[in-house]
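The file start_19.txt contains compact mmCIF, C-alpha atoms:
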# COMPACT_ATOMS: atom_id res chain seq x y z
CA MET U 189 94.97 112.34 54.34
CA ALA U 190 94.68 115.46 56.45
CA ASP U 191 97.86 117.24 57.36
CA ASP U 192 99.31 117.15 60.84
CA ASP U 193 98.42 120.76 61.66
CA ALA U 194 94.75 120.20 60.89
CA LEU U 195 94.67 117.06 63.01
CA ARG U 196 96.49 118.78 65.87
CA GLY U 197 93.95 121.58 65.76
CA LEU U 198 91.06 119.12 65.78
CA LEU U 199 92.54 117.16 68.68
CA ALA U 200 92.82 120.39 70.66
CA GLU U 201 89.15 121.15 69.96
CA VAL U 202 88.12 117.62 70.86
CA GLY U 203 90.09 118.05 74.08
CA ARG U 204 87.86 121.03 74.86
CA GLY U 205 84.77 118.90 74.38
CA ASP U 206 83.80 119.91 70.86
CA ALA U 207 81.71 117.06 69.46
CA ALA U 208 81.68 118.54 65.95
CA ALA U 209 85.47 118.45 65.99
CA LEU U 210 85.35 114.78 66.96
CA ALA U 211 83.08 114.13 63.99
CA ARG U 212 85.52 115.89 61.67
CA LEU U 213 88.46 114.06 63.21
CA TYR U 214 86.57 110.81 62.72
CA ASP U 215 85.87 111.61 59.07
CA LEU U 216 89.52 112.35 58.39
CA THR U 217 91.12 109.51 60.30
CA SER U 218 88.68 106.64 60.73
CA PRO U 219 89.55 104.83 57.46
CA LYS U 220 93.20 104.67 58.52
CA LEU U 221 92.37 103.57 62.06
CA PHE U 222 89.84 101.06 60.81
CA GLY U 223 92.46 99.67 58.43
CA VAL U 224 94.84 99.22 61.37
CA ILE U 225 92.16 97.59 63.54
CA LEU U 226 90.78 95.34 60.81
CA ARG U 227 94.23 93.88 60.12
CA ILE U 228 94.31 92.73 63.73
CA GLN U 229 90.65 92.09 64.48
CA LYS U 230 89.46 90.40 61.32
CA ASP U 231 85.82 90.14 62.38
CA ARG U 232 84.36 93.28 60.85
CA GLY U 233 81.64 93.71 63.43
CA LEU U 234 84.08 93.40 66.33
CA ALA U 235 86.53 95.67 64.52
CA GLU U 236 83.81 98.32 64.26
CA ASP U 237 83.11 98.00 67.98
CA VAL U 238 86.81 98.57 68.63
CA LEU U 239 86.79 101.58 66.31
CA GLN U 240 83.91 103.18 68.15
CA ASP U 241 85.56 102.50 71.49
CA VAL U 242 88.83 104.03 70.25
CA TYR U 243 87.13 107.30 69.33
CA LEU U 244 85.35 107.39 72.67
CA ARG U 245 88.75 107.07 74.28
CA VAL U 246 90.07 109.81 72.02
CA TRP U 247 87.12 111.94 73.11
CA GLN U 248 88.23 111.50 76.70
CA ALA U 249 91.98 111.64 76.14
CA ALA U 250 92.44 114.17 73.33
CA GLY U 251 93.45 116.82 75.85
CA SER U 252 96.40 114.70 76.88
CA TYR U 253 97.76 114.47 73.34
CA ASP U 254 101.01 116.32 73.20
CA PRO U 255 102.32 117.35 69.78
CA ALA U 256 105.88 116.97 71.05
CA THR U 257 105.44 113.24 71.47
CA GLY U 258 104.67 112.48 67.86
CA ARG U 259 102.41 113.00 64.90
CA PRO U 260 98.70 113.07 65.63
CA LEU U 261 97.79 110.28 63.22
CA THR U 262 100.48 108.05 64.71
CA TRP U 263 99.15 108.77 68.19
CA LEU U 264 95.65 107.80 67.06
CA CYS U 265 96.87 104.68 65.26
CA ILE U 266 98.77 103.51 68.34
CA ILE U 267 95.65 103.89 70.49
CA ALA U 268 93.67 101.94 67.89
CA ARG U 269 96.29 99.24 67.62
CA ASN U 270 96.68 98.80 71.37
CA ARG U 271 92.93 98.59 71.78
CA ALA U 272 92.57 96.05 68.98
CA ILE U 273 95.35 93.91 70.50
CA ASP U 274 93.79 94.16 73.98
CA VAL U 275 90.44 92.92 72.72
CA LEU U 276 92.01 90.22 70.58
CA ARG U 277 94.24 88.87 73.37
CA ARG U 278 91.39 88.88 75.83
CA LYS U 279 89.23 86.63 73.72
CA ASP U 280 91.61 84.59 71.62
CA THR U 281 93.54 81.98 73.66
CA ALA U 282 92.61 78.94 71.58
CA GLU U 283 90.99 80.74 68.70
CA VAL U 284 93.50 81.19 65.94
CA GLN U 285 92.46 83.67 63.32
CA GLY U 286 91.89 82.83 59.69
CA PRO U 287 94.76 81.74 57.50
CA SER U 288 97.13 84.52 56.67
CA GLU U 289 98.98 84.55 53.42
CA ASP U 290 102.60 85.52 53.17
CA TYR U 291 102.08 89.10 54.16
CA GLY U 292 105.46 89.31 55.92
CA GLU U 293 107.58 90.36 52.98
CA ASP U 294 104.72 92.35 51.55
CA TRP U 295 104.61 94.69 54.55
CA VAL U 296 108.31 95.38 54.35
CA ALA U 297 108.02 96.06 50.62
CA ARG U 298 105.22 98.55 51.26
CA LEU U 299 107.41 100.34 53.74
CA MET U 300 109.81 101.17 50.94
CA ASP U 301 107.19 103.24 49.20
CA PRO U 302 107.90 106.85 50.11
CA HIS U 303 104.95 109.21 50.03
CA ASP U 304 105.43 111.23 53.13
CA ASP U 305 107.42 114.09 54.59
CA ALA U 306 111.14 113.85 55.11
CA THR U 307 111.18 112.98 58.81
CA ALA U 308 108.54 110.29 58.51
CA PHE U 309 110.38 108.91 55.55
CA MET U 310 113.65 108.86 57.48
CA TYR U 311 112.12 106.82 60.32
CA ARG U 312 110.45 104.48 57.90
CA ASP U 313 113.60 104.14 55.88
CA ALA U 314 115.58 103.29 59.01
CA LEU U 315 113.02 100.73 60.13
CA SER U 316 112.80 99.02 56.77
CA THR U 317 116.61 98.93 56.49
CA CYS U 318 116.85 97.37 59.92
CA LEU U 319 113.98 94.94 59.28
CA SER U 320 115.63 93.80 56.09
CA GLN U 321 118.77 92.88 58.06
CA LEU U 322 116.86 90.44 60.28
CA GLU U 323 116.73 86.76 59.55
CA PRO U 324 113.71 86.28 57.26
CA MET U 325 111.75 84.11 59.69
CA HIS U 326 112.41 86.48 62.58
CA ARG U 327 111.33 89.41 60.43
CA ASP U 328 108.20 87.57 59.44
CA CYS U 329 107.31 87.13 63.11
CA VAL U 330 107.90 90.77 64.00
CA VAL U 331 105.97 92.11 61.04
CA LEU U 332 103.04 89.72 61.37
CA ALA U 333 102.83 90.35 65.11
CA TYR U 334 102.78 94.09 64.58
CA CYS U 335 100.63 94.40 61.49
CA GLU U 336 98.31 91.43 61.90
CA GLY U 337 98.28 91.05 65.67
CA HIS U 338 99.62 87.49 65.61
CA SER U 339 100.21 86.00 69.03
CA ARG U 340 103.27 83.93 69.89
CA GLU U 341 101.04 80.85 69.62
CA GLU U 342 99.89 81.76 66.14
CA LEU U 343 103.46 82.41 65.07
CA ALA U 344 104.47 79.06 66.58
CA LEU U 345 101.80 77.30 64.51
CA ARG U 346 102.77 79.17 61.40
CA HIS U 347 106.43 78.27 61.72
CA ASN U 348 105.85 74.88 63.29
CA ARG U 349 108.09 75.73 66.23
CA PRO U 350 107.57 75.70 70.00
CA VAL U 351 106.25 78.92 71.51
CA ASN U 352 109.49 79.38 73.43
CA THR U 353 111.45 79.35 70.21
CA ILE U 354 109.19 82.09 68.87
CA LYS U 355 109.77 84.09 72.02
CA THR U 356 113.51 83.72 71.57
CA TRP U 357 113.23 84.76 67.92
CA LEU U 358 111.18 87.81 68.84
CA HIS U 359 113.63 88.85 71.53
CA ARG U 360 116.59 88.40 69.21
CA ALA U 361 114.86 90.28 66.42
CA LEU U 362 113.80 93.14 68.70
CA ALA U 363 117.26 93.44 70.24
CA SER U 364 118.81 93.56 66.75
CA LEU U 365 116.27 96.16 65.66
CA ARG U 366 117.08 98.30 68.67
CA THR U 367 120.81 98.17 67.98
CA CYS U 368 120.36 98.73 64.27
CA LEU U 369 117.97 101.67 64.70
CA GLU U 370 120.38 103.32 67.10
CA THR U 371 123.14 103.03 64.50
CA VAL U 372 121.07 104.06 61.50
CA ALA U 373 119.13 106.93 63.06
CA MET X 258 96.46 91.60 100.27
CA SER X 259 99.92 90.32 99.71
CA GLY X 260 100.56 92.79 96.89
CA PRO X 261 100.92 92.00 93.22
CA GLY X 262 104.29 90.32 93.66
CA ASN X 263 106.83 90.18 90.93
CA PRO X 264 107.57 86.59 90.05
CA ASP X 265 109.68 86.97 86.94
CA PRO X 266 110.53 90.42 85.72
CA GLY X 267 112.34 88.84 82.77
CA PRO X 268 115.93 89.31 81.84
CA ASP X 269 115.59 92.55 79.91
CA PRO X 270 112.86 95.03 80.77
CA ASP X 271 113.35 96.74 77.45
CA LEU X 272 112.45 93.56 75.58
CA ARG X 273 109.27 93.22 77.61
CA ALA X 274 108.44 96.80 76.66
CA ALA X 275 109.24 95.86 73.07
CA GLU X 276 106.94 92.84 73.18
CA TYR X 277 104.22 94.98 74.72
CA ALA X 278 104.53 97.47 71.85
CA LEU X 279 104.72 94.60 69.37
CA GLY X 280 101.57 93.08 70.85
CA THR X 281 102.83 89.57 71.56
CA LEU X 282 102.37 89.58 75.33
CA ASP X 283 99.39 87.58 76.57
CA THR X 284 96.52 89.15 78.50
CA LEU X 285 98.12 88.76 81.91
CA GLU X 286 101.48 90.04 80.77
CA ARG X 287 99.81 92.99 79.08
CA ALA X 288 97.89 93.85 82.22
CA GLU X 289 101.08 93.62 84.24
CA MET X 290 102.87 95.93 81.82
CA GLU X 291 100.02 98.41 81.87
CA ARG X 292 100.27 98.54 85.63
CA GLU X 293 104.00 99.14 85.36
CA ILE X 294 103.57 101.82 82.73
CA ALA X 295 101.25 103.60 85.14
CA VAL X 296 103.65 103.58 88.06
CA ASP X 297 107.09 103.56 86.53
CA LEU X 298 108.28 106.32 84.27
CA GLY X 299 111.17 104.22 82.97
CA THR X 300 108.75 101.57 81.74
CA ALA X 301 106.47 104.19 80.21
CA ILE X 302 109.38 105.70 78.32
CA ARG X 303 110.64 102.30 77.15
CA VAL X 304 107.20 101.44 75.80
CA ARG X 305 106.81 104.82 74.16
CA ASP X 306 110.23 104.48 72.50
CA TRP X 307 109.27 101.10 71.11
CA GLU X 308 105.92 102.37 69.92
CA ARG X 309 107.80 105.08 68.07
CA ARG X 310 110.34 102.67 66.62
CA LEU X 311 107.68 100.35 65.25
CA ALA X 312 105.10 102.95 64.24
CA PRO X 313 106.39 103.35 60.67
CA LEU X 314 104.96 99.88 60.00
CA LEU X 315 101.53 101.48 60.42
CA ASP X 316 102.15 103.47 57.26
CA ALA X 317 102.02 100.23 55.33
CA VAL X 318 98.50 99.42 56.48
CA PRO X 319 95.93 100.42 53.83
CA PRO X 320 92.90 102.44 54.98
CA VAL X 321 89.47 100.79 54.96
CA ALA X 322 86.22 102.75 55.19
CA PRO X 323 84.13 101.65 58.17
CA SER X 324 80.36 101.32 57.93
CA PRO X 325 78.56 104.69 58.35
CA ARG X 326 76.65 103.31 61.31
CA VAL X 327 79.82 103.44 63.43
CA ARG X 328 79.98 107.20 63.02
CA ALA X 329 76.32 107.58 63.95
CA ALA X 330 76.65 105.27 66.95
CA LEU X 331 79.79 107.05 68.11
CA LEU X 332 78.27 110.51 68.02
CA GLN X 333 75.16 109.27 69.77
CA SER X 334 77.19 107.63 72.50
CA LEU X 335 79.19 110.72 73.46
CA PRO X 336 78.69 111.16 77.19
CA GLY X 337 77.77 114.83 77.26
CA PRO X 338 80.12 117.74 76.61
CA LEU X 339 82.91 116.89 79.04
CA PRO X 340 83.12 114.86 82.20
CA GLY X 341 82.21 117.23 84.99
CA PRO X 342 84.75 118.22 87.61
CA SER X 343 83.07 116.08 90.21
CA ASP X 344 83.54 113.01 88.03
CA GLN X 345 87.17 113.86 87.60
CA LEU X 346 87.68 114.38 91.30
CA ALA X 347 85.98 111.10 92.04
CA ALA X 348 88.22 109.43 89.49
CA LEU X 349 91.22 111.09 91.07
CA ARG X 350 90.24 109.87 94.51
CA ARG X 351 89.98 106.36 93.15
CA GLN X 352 93.35 106.73 91.47
CA VAL X 353 95.05 107.97 94.57
CA ARG X 354 93.49 105.21 96.62
CA ARG X 355 94.51 102.58 94.08
CA TRP X 356 97.96 104.04 93.93
CA ARG X 357 98.31 104.05 97.69
CA ILE X 358 97.49 100.36 97.75
CA THR X 359 99.89 99.58 94.94
CA ALA X 360 102.65 101.66 96.44
CA ALA X 361 102.17 100.13 99.85
CA GLY X 362 102.14 96.64 98.41
CA ALA X 363 105.04 96.85 96.06
CA GLY X 364 107.22 99.62 97.43
CA LEU X 365 107.22 101.16 94.02
CA LEU X 366 108.48 104.59 94.79
CA ALA X 367 112.15 103.90 94.96
CA ALA X 368 113.16 107.30 93.68
CA GLY X 369 113.95 109.69 96.46
CA LEU X 370 110.93 111.80 95.72
CA ALA X 371 108.78 113.13 98.46
CA LEU X 372 105.48 111.51 98.84
CA PHE X 373 102.38 113.60 99.17
CA VAL X 374 99.12 111.83 99.19
CA ALA X 375 97.31 114.45 101.14
CA VAL X 376 95.59 115.89 98.15
CA GLY X 377 93.15 117.92 100.16
CA LEU X 378 90.21 116.79 98.11
CA ARG X 379 87.81 117.30 100.94
CA GLN X 380 88.25 121.04 100.83
CA GLU X 381 85.30 123.12 99.81
CA PRO X 382 85.50 124.43 96.26
CA GLU X 383 87.17 127.80 96.09
CA ARG X 384 87.04 130.19 93.20
CA GLY X 385 90.26 130.60 91.29
CA ARG X 386 91.78 127.39 92.55
CA TYR X 387 92.44 124.52 90.20
CA LEU X 388 94.05 121.18 90.43
CA ALA X 389 95.98 119.31 87.77
CA VAL X 390 96.78 115.70 88.23
CA VAL X 391 99.69 115.29 85.91
CA GLN X 392 99.99 111.72 84.83
CA GLY X 393 101.55 109.56 82.21
CA GLY X 394 98.38 107.80 81.17
CA GLY X 395 98.01 105.28 83.95
CA ALA X 396 96.54 104.98 87.38
CA LEU X 397 99.24 106.82 89.25
CA PRO X 398 99.35 110.59 89.44
CA ALA X 399 102.92 111.68 88.89
CA LEU X 400 102.50 115.23 90.08
CA ILE X 401 99.75 117.12 91.71
CA VAL X 402 99.76 120.74 90.72
CA ARG X 403 97.56 123.22 92.53
CA VAL X 404 97.00 126.38 90.61
CA ASP X 405 95.73 129.54 92.15
CA THR X 406 94.83 132.01 89.44
CA HIS X 407 94.22 134.75 92.03
CA THR X 408 97.78 134.75 93.25
CA GLY X 409 99.21 133.57 89.92
CA THR X 410 101.09 130.76 91.56
CA ALA X 411 101.12 127.01 91.38
CA GLN X 412 102.15 124.53 94.01
CA VAL X 413 103.83 121.43 92.70
CA ARG X 414 103.84 118.17 94.58
CA PRO X 415 105.77 115.30 93.08
CA VAL X 416 104.06 112.02 93.80
CA GLY X 417 105.54 109.47 91.47
CA ALA X 418 107.62 111.43 89.00
CA GLU X 419 110.98 109.96 88.22
CA ALA X 420 113.53 111.52 85.90
CA PRO X 421 115.72 109.30 83.73
CA ALA X 422 119.36 109.27 84.84
CA GLY X 423 121.18 112.47 84.02
CA ARG X 424 118.05 114.34 82.97
CA ASN X 425 115.68 116.76 84.63
CA LEU X 426 111.93 116.86 84.52
CA GLN X 427 110.65 120.27 83.53
CA LEU X 428 107.18 121.56 84.22
CA TRP X 429 105.21 123.52 81.62
CA TYR X 430 102.02 125.46 81.54
CA VAL X 431 100.42 124.90 78.14
CA GLY X 432 97.98 127.63 77.24
CA ALA X 433 96.73 129.19 74.02
CA ALA X 434 100.17 130.71 73.45
CA GLY X 435 101.94 127.37 73.67
CA PRO X 436 104.11 125.89 76.41
CA LYS X 437 105.64 128.23 79.00
CA PRO X 438 108.28 126.89 81.37
CA LEU X 439 107.30 126.76 85.04
CA GLY X 440 110.54 125.34 86.35
CA LEU X 441 112.17 122.04 87.11
CA VAL X 442 110.41 119.32 89.03
CA GLY X 443 112.35 118.80 92.21
CA ALA X 444 112.17 116.12 94.84
CA THR X 445 110.15 118.28 97.17
CA PRO X 446 107.04 120.40 96.78
CA SER X 447 107.67 123.80 95.36
CA ARG X 448 105.76 126.92 94.51
CA VAL X 449 106.15 128.36 91.05
CA LYS X 450 104.92 131.49 89.36
CA LEU X 451 102.41 131.13 86.54
CA PRO X 452 103.03 132.93 83.25
CA PRO X 453 101.00 136.14 82.92
CA GLY X 454 97.53 135.52 81.57
CA ALA X 455 97.53 131.84 82.52
CA SER X 456 93.95 130.66 82.39
CA PRO X 457 92.18 127.58 83.69
CA ASP X 458 91.78 126.36 80.10
CA GLY X 459 95.41 125.41 80.08
CA ALA X 460 97.13 122.16 80.81
CA ILE X 461 100.19 121.22 82.78
CA ALA X 462 102.84 119.08 81.16
CA VAL X 463 106.19 117.62 82.12
CA SER X 464 109.00 116.95 79.69
CA VAL X 465 112.37 115.27 79.98
CA GLU X 466 115.10 117.84 79.49
CA PRO X 467 118.87 118.17 79.80
CA PRO X 468 120.15 119.03 83.27
CA GLY X 469 119.07 122.57 84.14
CA GLY X 470 116.07 122.51 81.82
CA SER X 471 115.29 123.12 78.17
CA PRO X 472 117.90 125.34 76.54
CA THR X 473 115.35 126.72 74.05
CA GLY X 474 112.45 127.76 76.25
CA GLN X 475 110.33 125.10 74.56
CA PRO X 476 110.09 121.40 75.42
CA THR X 477 112.92 119.59 73.63
CA GLY X 478 112.58 116.12 75.10
CA PRO X 479 109.64 113.72 75.24
CA VAL X 480 106.60 114.93 77.15
CA VAL X 481 106.07 112.27 79.76
CA TYR X 482 103.12 113.61 81.68
CA THR X 483 100.20 115.87 80.98
CA GLY X 484 97.21 116.97 82.99
CA LYS X 485 94.32 119.37 82.57
CA LEU X 486 93.32 121.90 85.18
CA ILE X 487 90.11 121.10 86.96
CA PRO X 488 88.29 123.38 89.38
CA GLU X 489 89.09 122.48 92.92

Once you've parsed the file, please lay out its structure as structure tokens.
Amino acid sequence: MADDDALRGLLAEVGRGDAAALARLYDLTSPKLFGVILRIQKDRGLAEDVLQDVYLRVWQAAGSYDPATGRPLTWLCIIARNRAIDVLRRKDTAEVQGPSEDYGEDWVARLMDPHDDATAFMYRDALSTCLSQLEPMHRDCVVLAYCEGHSREELALRHNRPVNTIKTWLHRALASLRTCLETVA
Amino acid sequence: MSGPGNPDPGPDPDLRAAEYALGTLDTLERAEMEREIAVDLGTAIRVRDWERRLAPLLDAVPPVAPSPRVRAALLQSLPGPLPGPSDQLAALRRQVRRWRITAAGAGLLAAGLALFVAVGLRQEPERGRYLAVVQGGGALPALIVRVDTHTGTAQVRPVGAEAPAGRNLQLWYVGAAGPKPLGLVGATPSRVKLPPGASPDGAIAVSVEPPGGSPTGQPTGPVVYTGKLIPE
């Protein structure tokens, strides 16, 4: 994966309207962004539409990226994720996506795998510590919502609980995460 | 129009921001949050904080190569080099109009910031004069900055910029040499001096800083607004 400096440089060039820079940025980052989108939007064709739309947005918004607000790849991933969720929420309502296996614990386990710089590792370490302190079912909801784009309704089906219970779980889990991250970080 | 109304803001705005970042809000709730992010700096910061808290989970997602046709379609669909200034001004007019309606309907500008909607967009283009609409990513301009490269000054008009309690908003000119401080964003319009050599290629940004401004001469807090200079 390209380093942050290279991506920052490319974003600056894209912000100045350099299409070749967008192509290079796409080559370096699209597998990651597509991975993020495809986890949420499991229809490959629709996921590719989202991907294209995300880079068009990046084309328009790259000039507003500010390095002080975070790493470039994270910025791109958050745009991709938000877009994938938007599209999914707009169309889903009744349509529950395909069966998901027990990814919940798997995601947390993958978080423990350090392969990045110290700061990124510190944030990830803090988040995985705090996630591991949640009640397992609450953690499952948070992780599946974030990584797989599960709605409250899907989580309710999965856990065979009313939607309001899921909402309460999510709120409790998020409030605990907030408190824990403040303490750990 | 009776305004958007605000039936149930929920017990804890931070948890709504968290659910937005998590992705579990439904379409209507998401749209509502996006509107709030655009007009309320506190909401925007809450969402951004949650996005940052949860982002490490993205590291766990394995990359997947998309089909090559996406790349081809993307590059073909690029709408020309850059949106022309006239497009941007038209977009700005729409934004200001939309914002006026929202602000009138919901009384959103509680902060004691002066309100300047008279953007002067009808003026004839003048050489050396540029406009930056400094915004946090939504429909509402937070600051309107007029830059005059002839006189080397910029006029700053706060429109919807709100500093978190106990902090100041600091204005920056971001050029090739990096961010240069322009001064603190006050409640009233002010005129500031541009750094030497400031060019229209630059951008204007606003960061959250300790009272009195960044102690280091560089932004130390989160950058909450950015805007490019466009010819006026």

Counting all atoms listed in the file, what is within 8 Å of stretch 425-438 of chain X, bar same-chain residues fewer than 5 positions away, as JSON, numbers by chain?
-> {"X": [419, 420, 443, 451, 452, 455, 456, 458, 459, 460, 461, 462, 463, 464, 465, 466, 467, 468, 469, 470, 471, 474, 475, 476]}

Filtering to C-alpha atoms, could you give me those residues as a short mmCIF file (atom, residue, chain, number, x, y, z; two decimals), keeping the file's coordinate frame?
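out-v4.cif was written with the following content:
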data_model
loop_
_atom_site.label_atom_id
_atom_site.label_comp_id
_atom_site.auth_asym_id
_atom_site.auth_seq_id
_atom_site.Cartn_x
_atom_site.Cartn_y
_atom_site.Cartn_z
CA GLU X 419 110.98 109.96 88.22
CA ALA X 420 113.53 111.52 85.90
CA GLY X 443 112.35 118.80 92.21
CA LEU X 451 102.41 131.13 86.54
CA PRO X 452 103.03 132.93 83.25
CA ALA X 455 97.53 131.84 82.52
CA SER X 456 93.95 130.66 82.39
CA ASP X 458 91.78 126.36 80.10
CA GLY X 459 95.41 125.41 80.08
CA ALA X 460 97.13 122.16 80.81
CA ILE X 461 100.19 121.22 82.78
CA ALA X 462 102.84 119.08 81.16
CA VAL X 463 106.19 117.62 82.12
CA SER X 464 109.00 116.95 79.69
CA VAL X 465 112.37 115.27 79.98
CA GLU X 466 115.10 117.84 79.49
CA PRO X 467 118.87 118.17 79.80
CA PRO X 468 120.15 119.03 83.27
CA GLY X 469 119.07 122.57 84.14
CA GLY X 470 116.07 122.51 81.82
CA SER X 471 115.29 123.12 78.17
CA GLY X 474 112.45 127.76 76.25
CA GLN X 475 110.33 125.10 74.56
CA PRO X 476 110.09 121.40 75.42
#

Could you list, with a cut-off of 7 Å and counting only C-alpha atoms, the residues of chain X near chain U, each shown with its nearest atom pair and the distance in Å rounded to one decimal, rows sorted by chain and ascending number, as a Markdown table?
| residue | atom | partner | partner_atom | distance |
| --- | --- | --- | --- | --- |
| X:Leu272 | CA | U:His359 | CA | 6.3 |
| X:Ala275 | CA | U:Leu362 | CA | 6.9 |
| X:Leu279 | CA | U:Tyr334 | CA | 5.2 |
| X:Gly280 | CA | U:Ile273 | CA | 6.3 |
| X:Thr281 | CA | U:Ser339 | CA | 5.1 |
| X:Asp283 | CA | U:Arg277 | CA | 6.2 |
| X:Thr284 | CA | U:Arg277 | CA | 5.6 |
| X:Ala312 | CA | U:Thr262 | CA | 6.9 |
| X:Pro313 | CA | U:Arg312 | CA | 5.0 |
| X:Leu314 | CA | U:Leu299 | CA | 6.7 |
| X:Ala317 | CA | U:Arg298 | CA | 5.4 |
| X:Val318 | CA | U:Val224 | CA | 6.1 |
| X:Pro319 | CA | U:Gly223 | CA | 5.8 |
| X:Pro320 | CA | U:Lys220 | CA | 4.2 |
| X:Val321 | CA | U:Gly223 | CA | 4.7 |
| X:Ala322 | CA | U:Pro219 | CA | 4.5 |
| X:Pro323 | CA | U:Phe222 | CA | 6.3 |
| X:Val327 | CA | U:Gln240 | CA | 6.3 |
| X:Leu331 | CA | U:Gln240 | CA | 5.7 |
| X:Pro338 | CA | U:Gly205 | CA | 5.3 |
| X:Leu339 | CA | U:Gly205 | CA | 5.4 |
| X:Pro479 | CA | U:Thr257 | CA | 5.7 |
| X:Val480 | CA | U:Thr257 | CA | 6.0 |
| X:Thr483 | CA | U:Ser252 | CA | 5.7 |
| X:Gly484 | CA | U:Ser252 | CA | 6.6 |

Would you put the residues from that selection into a file with C-alpha atoms, as a PDB file, in the frame of the given file?
ATOM      1  CA  LEU X 272     112.450  93.560  75.580  1.00  0.00           C
ATOM      2  CA  ALA X 275     109.240  95.860  73.070  1.00  0.00           C
ATOM      3  CA  LEU X 279     104.720  94.600  69.370  1.00  0.00           C
ATOM      4  CA  GLY X 280     101.570  93.080  70.850  1.00  0.00           C
ATOM      5  CA  THR X 281     102.830  89.570  71.560  1.00  0.00           C
ATOM      6  CA  ASP X 283      99.390  87.580  76.570  1.00  0.00           C
ATOM      7  CA  THR X 284      96.520  89.150  78.500  1.00  0.00           C
ATOM      8  CA  ALA X 312     105.100 102.950  64.240  1.00  0.00           C
ATOM      9  CA  PRO X 313     106.390 103.350  60.670  1.00  0.00           C
ATOM     10  CA  LEU X 314     104.960  99.880  60.000  1.00  0.00           C
ATOM     11  CA  ALA X 317     102.020 100.230  55.330  1.00  0.00           C
ATOM     12  CA  VAL X 318      98.500  99.420  56.480  1.00  0.00           C
ATOM     13  CA  PRO X 319      95.930 100.420  53.830  1.00  0.00           C
ATOM     14  CA  PRO X 320      92.900 102.440  54.980  1.00  0.00           C
ATOM     15  CA  VAL X 321      89.470 100.790  54.960  1.00  0.00           C
ATOM     16  CA  ALA X 322      86.220 102.750  55.190  1.00  0.00           C
ATOM     17  CA  PRO X 323      84.130 101.650  58.170  1.00  0.00           C
ATOM     18  CA  VAL X 327      79.820 103.440  63.430  1.00  0.00           C
ATOM     19  CA  LEU X 331      79.790 107.050  68.110  1.00  0.00           C
ATOM     20  CA  PRO X 338      80.120 117.740  76.610  1.00  0.00           C
ATOM     21  CA  LEU X 339      82.910 116.890  79.040  1.00  0.00           C
ATOM     22  CA  PRO X 479     109.640 113.720  75.240  1.00  0.00           C
ATOM     23  CA  VAL X 480     106.600 114.930  77.150  1.00  0.00           C
ATOM     24  CA  THR X 483     100.200 115.870  80.980  1.00  0.00           C
ATOM     25  CA  GLY X 484      97.210 116.970  82.990  1.00  0.00           C
TER      26      GLY X 484
END

Kindly give the distance, in Å, that separates atom CA of U:Leu199 and atom CA of X:Ala411, rounded to a single decimal.
->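 One can read the atom CA of U:Leu199 to atom CA of X:Ala411 distance as 26.2 Å.
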
What is the atom CA of X:Gly299-atom CA of X:Tyr277 distance in Å, reported with one decimal?
->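 Answer for the atom CA of X:Gly299 to atom CA of X:Tyr277 separation: 14.2 Å.
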
What separates atom CA of X:Gly454 and atom CA of X:Val442 is a distance of 22.0 Å

Could you tell me which of X:Leu282, X:Glu308, X:Asp271, X:Thr410 comes closest to U:Val351 if we count all atoms listed in the file?
->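 Checking each of X:Leu282, X:Glu308, X:Asp271, X:Thr410 against U:Val351, counting all atoms listed in the file, the winner is X:Leu282.
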
For stretch 279-289 of chain X, what centre and edge lengths in Å (one decimal) does the axis-aligned box get once 8 Å is added on each side of all its listed atoms, as lines of an AutoDock Vina configuration file?
center_x = 100.6
center_y = 91.1
center_z = 76.8
size_x = 24.2
size_y = 23.0
size_z = 30.9

For U:Leu198, please output as a PDB file with C-alpha atoms, in the frame of the given file all residues within 8 Å (counting all atoms listed in the file; exclusion window: fewer than 3 positions along the same chain).
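Here's the written file around-v7.pdb:
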ATOM      1  CA  ALA U 194      94.750 120.200  60.890  1.00  0.00           C
ATOM      2  CA  LEU U 195      94.670 117.060  63.010  1.00  0.00           C
ATOM      3  CA  GLU U 201      89.150 121.150  69.960  1.00  0.00           C
ATOM      4  CA  VAL U 202      88.120 117.620  70.860  1.00  0.00           C
ATOM      5  CA  ALA U 209      85.470 118.450  65.990  1.00  0.00           C
ATOM      6  CA  LEU U 210      85.350 114.780  66.960  1.00  0.00           C
ATOM      7  CA  ARG U 212      85.520 115.890  61.670  1.00  0.00           C
ATOM      8  CA  LEU U 213      88.460 114.060  63.210  1.00  0.00           C
TER       9      LEU U 213
END

Mind completing stretch 268-272 of chain U with N, CA and C atoms? Output as a CSV table (one decimal), keeping the file's coordinate frame, please?
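part-v8.csv, written as the output of this step:
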chain,number,residue,atom,x,y,z
U,268,ALA,N,94.5,102.9,68.6
U,268,ALA,CA,93.7,101.9,67.9
U,268,ALA,C,94.3,100.6,67.9
U,269,ARG,N,95.6,100.5,67.7
U,269,ARG,CA,96.3,99.2,67.6
U,269,ARG,C,96.3,98.6,69.0
U,270,ASN,N,96.7,99.4,70.0
U,270,ASN,CA,96.7,98.8,71.4
U,270,ASN,C,95.3,98.3,71.8
U,271,ARG,N,94.3,99.0,71.4
U,271,ARG,CA,92.9,98.6,71.8
U,271,ARG,C,92.5,97.3,71.1
U,272,ALA,N,92.9,97.2,69.8
U,272,ALA,CA,92.6,96.0,69.0
U,272,ALA,C,93.3,94.8,69.6
